Structures are given as C-alpha cells and as structure tokens.
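**Student:** I'd like to ask some things about the structure below.
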Amino acid sequence: MLHDVGLSSSAVYSFDGILVFGLLFICTCAYLKKVPRLNSWLLSEKKGVWGVFYKAAIIGTRLHIPVAISCLIMAFYIIFLK
C-alpha cells in the first residue's frame, strides 16, 4: 500500500525535498520582508513560532547570493539529474 503513493508525497521525506522546501521558505520570507504591509504583520515577531519567518527573512536578505546560487544548483539538479 505504501508503494502506491505518488511522487509528490514521497518527495516530502527525501533529503532533496527538504532542501527545496527550505530554500523556497527562505526565498519567500525574504520576498515578504520587502512588502511593507506584510513585513509589519508577519515578520514583526522575532521570538517564538513566528520568529522562524523573521529569521528565514534575515537569512535570505543577508545571504542572498549563496541562497540564489543554491536555488540555481537545486533547480539544475532537479531538472537534469533527478
């Protein structure tokens, strides 16, 4: 029964699926930091559960070049090697 699960749900448990989720989460939070209304609503809390969004946005803005390179490498890997 477990072998009939589709590719999308099995990718959640793979290491590259976790990396893709992390990269997309960091990129999304960094983008939301540039939107003033969403920045004050979503990224105002720096501690607790909502602080994860703030910390991901900080990582995305401070390390934007390594994050962008990682996204390109992951896209190349998924499109051509997987």
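All residue names refer to the structure tokens as shown: chains lettered A, B, ... in order, residues numbered from 1 in each chain, ligands numbered from 1 in order.
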Would you list the contacts of A:Gly60 as a PDB file with N, CA, C and O atoms, in the first residue's frame, taking every protein, DNA or RNA residue within 9 Å and counting only C-alpha atoms, but skipping same-chain residues closer than 5 positions in sequence?

**Tutor:**
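Output file out-v2.pdb follows:
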```
ATOM      1  N   LEU A  23      14.839  26.107   0.918  1.00  0.00           N
ATOM      2  CA  LEU A  23      15.223  27.205   0.025  1.00  0.00           C
ATOM      3  C   LEU A  23      14.020  28.048  -0.373  1.00  0.00           C
ATOM      4  O   LEU A  23      14.086  29.284  -0.390  1.00  0.00           O
ATOM      5  N   ILE A  26      12.962  30.199   2.642  1.00  0.00           N
ATOM      6  CA  ILE A  26      13.864  31.338   2.843  1.00  0.00           C
ATOM      7  C   ILE A  26      13.618  32.407   1.781  1.00  0.00           C
ATOM      8  O   ILE A  26      13.541  33.601   2.097  1.00  0.00           O
ATOM      9  N   CYS A  27      13.474  32.002   0.537  1.00  0.00           N
ATOM     10  CA  CYS A  27      13.245  32.975  -0.538  1.00  0.00           C
ATOM     11  C   CYS A  27      11.904  33.684  -0.381  1.00  0.00           C
ATOM     12  O   CYS A  27      11.799  34.890  -0.611  1.00  0.00           O
ATOM     13  N   THR A  28      10.873  32.950   0.024  1.00  0.00           N
ATOM     14  CA  THR A  28       9.560  33.552   0.210  1.00  0.00           C
ATOM     15  C   THR A  28       9.574  34.551   1.362  1.00  0.00           C
ATOM     16  O   THR A  28       9.017  35.658   1.245  1.00  0.00           O
ATOM     17  N   CYS A  29      10.196  34.190   2.463  1.00  0.00           N
ATOM     18  CA  CYS A  29      10.253  35.112   3.605  1.00  0.00           C
ATOM     19  C   CYS A  29      11.077  36.350   3.274  1.00  0.00           C
ATOM     20  O   CYS A  29      10.737  37.457   3.708  1.00  0.00           O
ATOM     21  N   ALA A  30      12.148  36.185   2.507  1.00  0.00           N
ATOM     22  CA  ALA A  30      12.950  37.346   2.110  1.00  0.00           C
ATOM     23  C   ALA A  30      12.148  38.264   1.196  1.00  0.00           C
ATOM     24  O   ALA A  30      12.259  39.494   1.279  1.00  0.00           O
ATOM     25  N   TYR A  31      11.331  37.680   0.322  1.00  0.00           N
ATOM     26  CA  TYR A  31      10.473  38.495  -0.541  1.00  0.00           C
ATOM     27  C   TYR A  31       9.409  39.221   0.276  1.00  0.00           C
ATOM     28  O   TYR A  31       9.135  40.399   0.047  1.00  0.00           O
ATOM     29  N   LYS A  55      13.532  35.003  11.063  1.00  0.00           N
ATOM     30  CA  LYS A  55      14.902  34.501  10.922  1.00  0.00           C
ATOM     31  C   LYS A  55      15.180  34.032   9.503  1.00  0.00           C
ATOM     32  O   LYS A  55      16.270  34.232   8.973  1.00  0.00           O
ATOM     33  N   ILE A  65      23.209  36.062  -2.062  1.00  0.00           N
ATOM     34  CA  ILE A  65      23.993  35.458  -3.148  1.00  0.00           C
ATOM     35  C   ILE A  65      24.149  33.946  -2.957  1.00  0.00           C
ATOM     36  O   ILE A  65      23.878  33.179  -3.892  1.00  0.00           O
ATOM     37  N   VAL A  67      22.193  31.976  -1.276  1.00  0.00           N
ATOM     38  CA  VAL A  67      20.857  31.387  -1.405  1.00  0.00           C
ATOM     39  C   VAL A  67      20.454  31.309  -2.871  1.00  0.00           C
ATOM     40  O   VAL A  67      19.906  30.296  -3.318  1.00  0.00           O
ATOM     41  N   ALA A  68      20.741  32.340  -3.644  1.00  0.00           N
ATOM     42  CA  ALA A  68      20.409  32.325  -5.075  1.00  0.00           C
ATOM     43  C   ALA A  68      21.211  31.252  -5.811  1.00  0.00           C
ATOM     44  O   ALA A  68      20.663  30.537  -6.664  1.00  0.00           O
TER      45      ALA A  68
END
```

**Student:** One decimal, Å: what's the distance from atom CA of A:Ile69 over to atom CA of A:Gly48, could you say?

**Tutor:** 29.3 Å

**Student:** Quick one: pull the distance between atom CA of A:Asp16 and atom CA of A:Trp50, Å, one decimal.

**Tutor:**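 Value for the atom CA of A:Asp16-atom CA of A:Trp50 distance: 24.9 Å.
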
**Student:** With only C-alpha atoms as the counted atoms, please give the residues lying no more than 12 Å from stretch 70-75 of chain A, apart from itself and same-chain residues fewer than 5 positions off, as an MDAnalysis selection string.

**Tutor:** chainID A and resid 15:27 60 63:65 80:82

**Student:** Any chance you can output those residues with N, CA, C and O atoms as an mmCIF file, in the first residue's frame?

**Tutor:**
```cif
data_model
loop_
_atom_site.group_PDB
_atom_site.id
_atom_site.type_symbol
_atom_site.label_atom_id
_atom_site.label_comp_id
_atom_site.auth_asym_id
_atom_site.auth_seq_id
_atom_site.Cartn_x
_atom_site.Cartn_y
_atom_site.Cartn_z
ATOM 1 N N PHE A 15 15.744 13.891 1.183
ATOM 2 C CA PHE A 15 16.635 14.965 1.592
ATOM 3 C C PHE A 15 16.569 16.138 0.629
ATOM 4 O O PHE A 15 16.550 17.295 1.049
ATOM 5 N N ASP A 16 16.502 15.855 -0.671
ATOM 6 C CA ASP A 16 16.423 16.957 -1.624
ATOM 7 C C ASP A 16 15.075 17.671 -1.546
ATOM 8 O O ASP A 16 14.989 18.872 -1.791
ATOM 9 N N GLY A 17 14.016 16.975 -1.160
ATOM 10 C CA GLY A 17 12.730 17.636 -0.950
ATOM 11 C C GLY A 17 12.770 18.597 0.229
ATOM 12 O O GLY A 17 12.200 19.682 0.182
ATOM 13 N N ILE A 18 13.487 18.203 1.279
ATOM 14 C CA ILE A 18 13.636 19.083 2.442
ATOM 15 C C ILE A 18 14.472 20.302 2.069
ATOM 16 O O ILE A 18 14.174 21.430 2.485
ATOM 17 N N LEU A 19 15.519 20.105 1.271
ATOM 18 C CA LEU A 19 16.336 21.233 0.829
ATOM 19 C C LEU A 19 15.539 22.204 -0.035
ATOM 20 O O LEU A 19 15.663 23.422 0.107
ATOM 21 N N VAL A 20 14.726 21.678 -0.935
ATOM 22 C CA VAL A 20 13.890 22.535 -1.787
ATOM 23 C C VAL A 20 12.906 23.321 -0.925
ATOM 24 O O VAL A 20 12.724 24.529 -1.123
ATOM 25 N N PHE A 21 12.283 22.654 0.030
ATOM 26 C CA PHE A 21 11.341 23.352 0.915
ATOM 27 C C PHE A 21 12.052 24.460 1.688
ATOM 28 O O PHE A 21 11.538 25.578 1.805
ATOM 29 N N GLY A 22 13.226 24.175 2.225
ATOM 30 C CA GLY A 22 13.976 25.181 2.977
ATOM 31 C C GLY A 22 14.365 26.366 2.127
ATOM 32 O O GLY A 22 14.223 27.521 2.554
ATOM 33 N N LEU A 23 14.839 26.107 0.918
ATOM 34 C CA LEU A 23 15.223 27.205 0.025
ATOM 35 C C LEU A 23 14.020 28.048 -0.373
ATOM 36 O O LEU A 23 14.086 29.284 -0.390
ATOM 37 N N LEU A 24 12.911 27.400 -0.698
ATOM 38 C CA LEU A 24 11.711 28.150 -1.062
ATOM 39 C C LEU A 24 11.160 28.948 0.124
ATOM 40 O O LEU A 24 10.669 30.062 -0.050
ATOM 41 N N PHE A 25 11.255 28.388 1.320
ATOM 42 C CA PHE A 25 10.798 29.090 2.518
ATOM 43 C C PHE A 25 11.640 30.335 2.772
ATOM 44 O O PHE A 25 11.112 31.412 3.042
ATOM 45 N N ILE A 26 12.962 30.199 2.642
ATOM 46 C CA ILE A 26 13.864 31.338 2.843
ATOM 47 C C ILE A 26 13.618 32.407 1.781
ATOM 48 O O ILE A 26 13.541 33.601 2.097
ATOM 49 N N CYS A 27 13.474 32.002 0.537
ATOM 50 C CA CYS A 27 13.245 32.975 -0.538
ATOM 51 C C CYS A 27 11.904 33.684 -0.381
ATOM 52 O O CYS A 27 11.799 34.890 -0.611
ATOM 53 N N GLY A 60 17.684 35.114 4.229
ATOM 54 C CA GLY A 60 17.511 35.367 2.801
ATOM 55 C C GLY A 60 18.047 36.712 2.348
ATOM 56 O O GLY A 60 18.547 36.842 1.234
ATOM 57 N N LEU A 63 22.249 36.677 3.192
ATOM 58 C CA LEU A 63 22.982 35.703 2.385
ATOM 59 C C LEU A 63 22.309 35.505 1.037
ATOM 60 O O LEU A 63 22.146 34.371 0.579
ATOM 61 N N HIS A 64 21.916 36.594 0.389
ATOM 62 C CA HIS A 64 21.134 36.473 -0.838
ATOM 63 C C HIS A 64 21.926 35.836 -1.978
ATOM 64 O O HIS A 64 21.361 35.100 -2.778
ATOM 65 N N ILE A 65 23.209 36.062 -2.062
ATOM 66 C CA ILE A 65 23.993 35.458 -3.148
ATOM 67 C C ILE A 65 24.149 33.946 -2.957
ATOM 68 O O ILE A 65 23.878 33.179 -3.892
ATOM 69 N N PHE A 80 17.723 18.210 -14.430
ATOM 70 C CA PHE A 80 18.584 17.407 -15.282
ATOM 71 C C PHE A 80 19.095 16.121 -14.663
ATOM 72 O O PHE A 80 19.356 15.154 -15.381
ATOM 73 N N LEU A 81 19.268 16.051 -13.370
ATOM 74 C CA LEU A 81 19.889 14.889 -12.763
ATOM 75 C C LEU A 81 18.918 13.948 -12.051
ATOM 76 O O LEU A 81 19.243 12.786 -11.847
ATOM 77 N N LYS A 82 17.774 14.442 -11.678
ATOM 78 C CA LYS A 82 16.860 13.589 -10.923
ATOM 79 C C LYS A 82 15.911 12.855 -11.798
ATOM 80 O O LYS A 82 15.379 12.901 -12.682
#
```
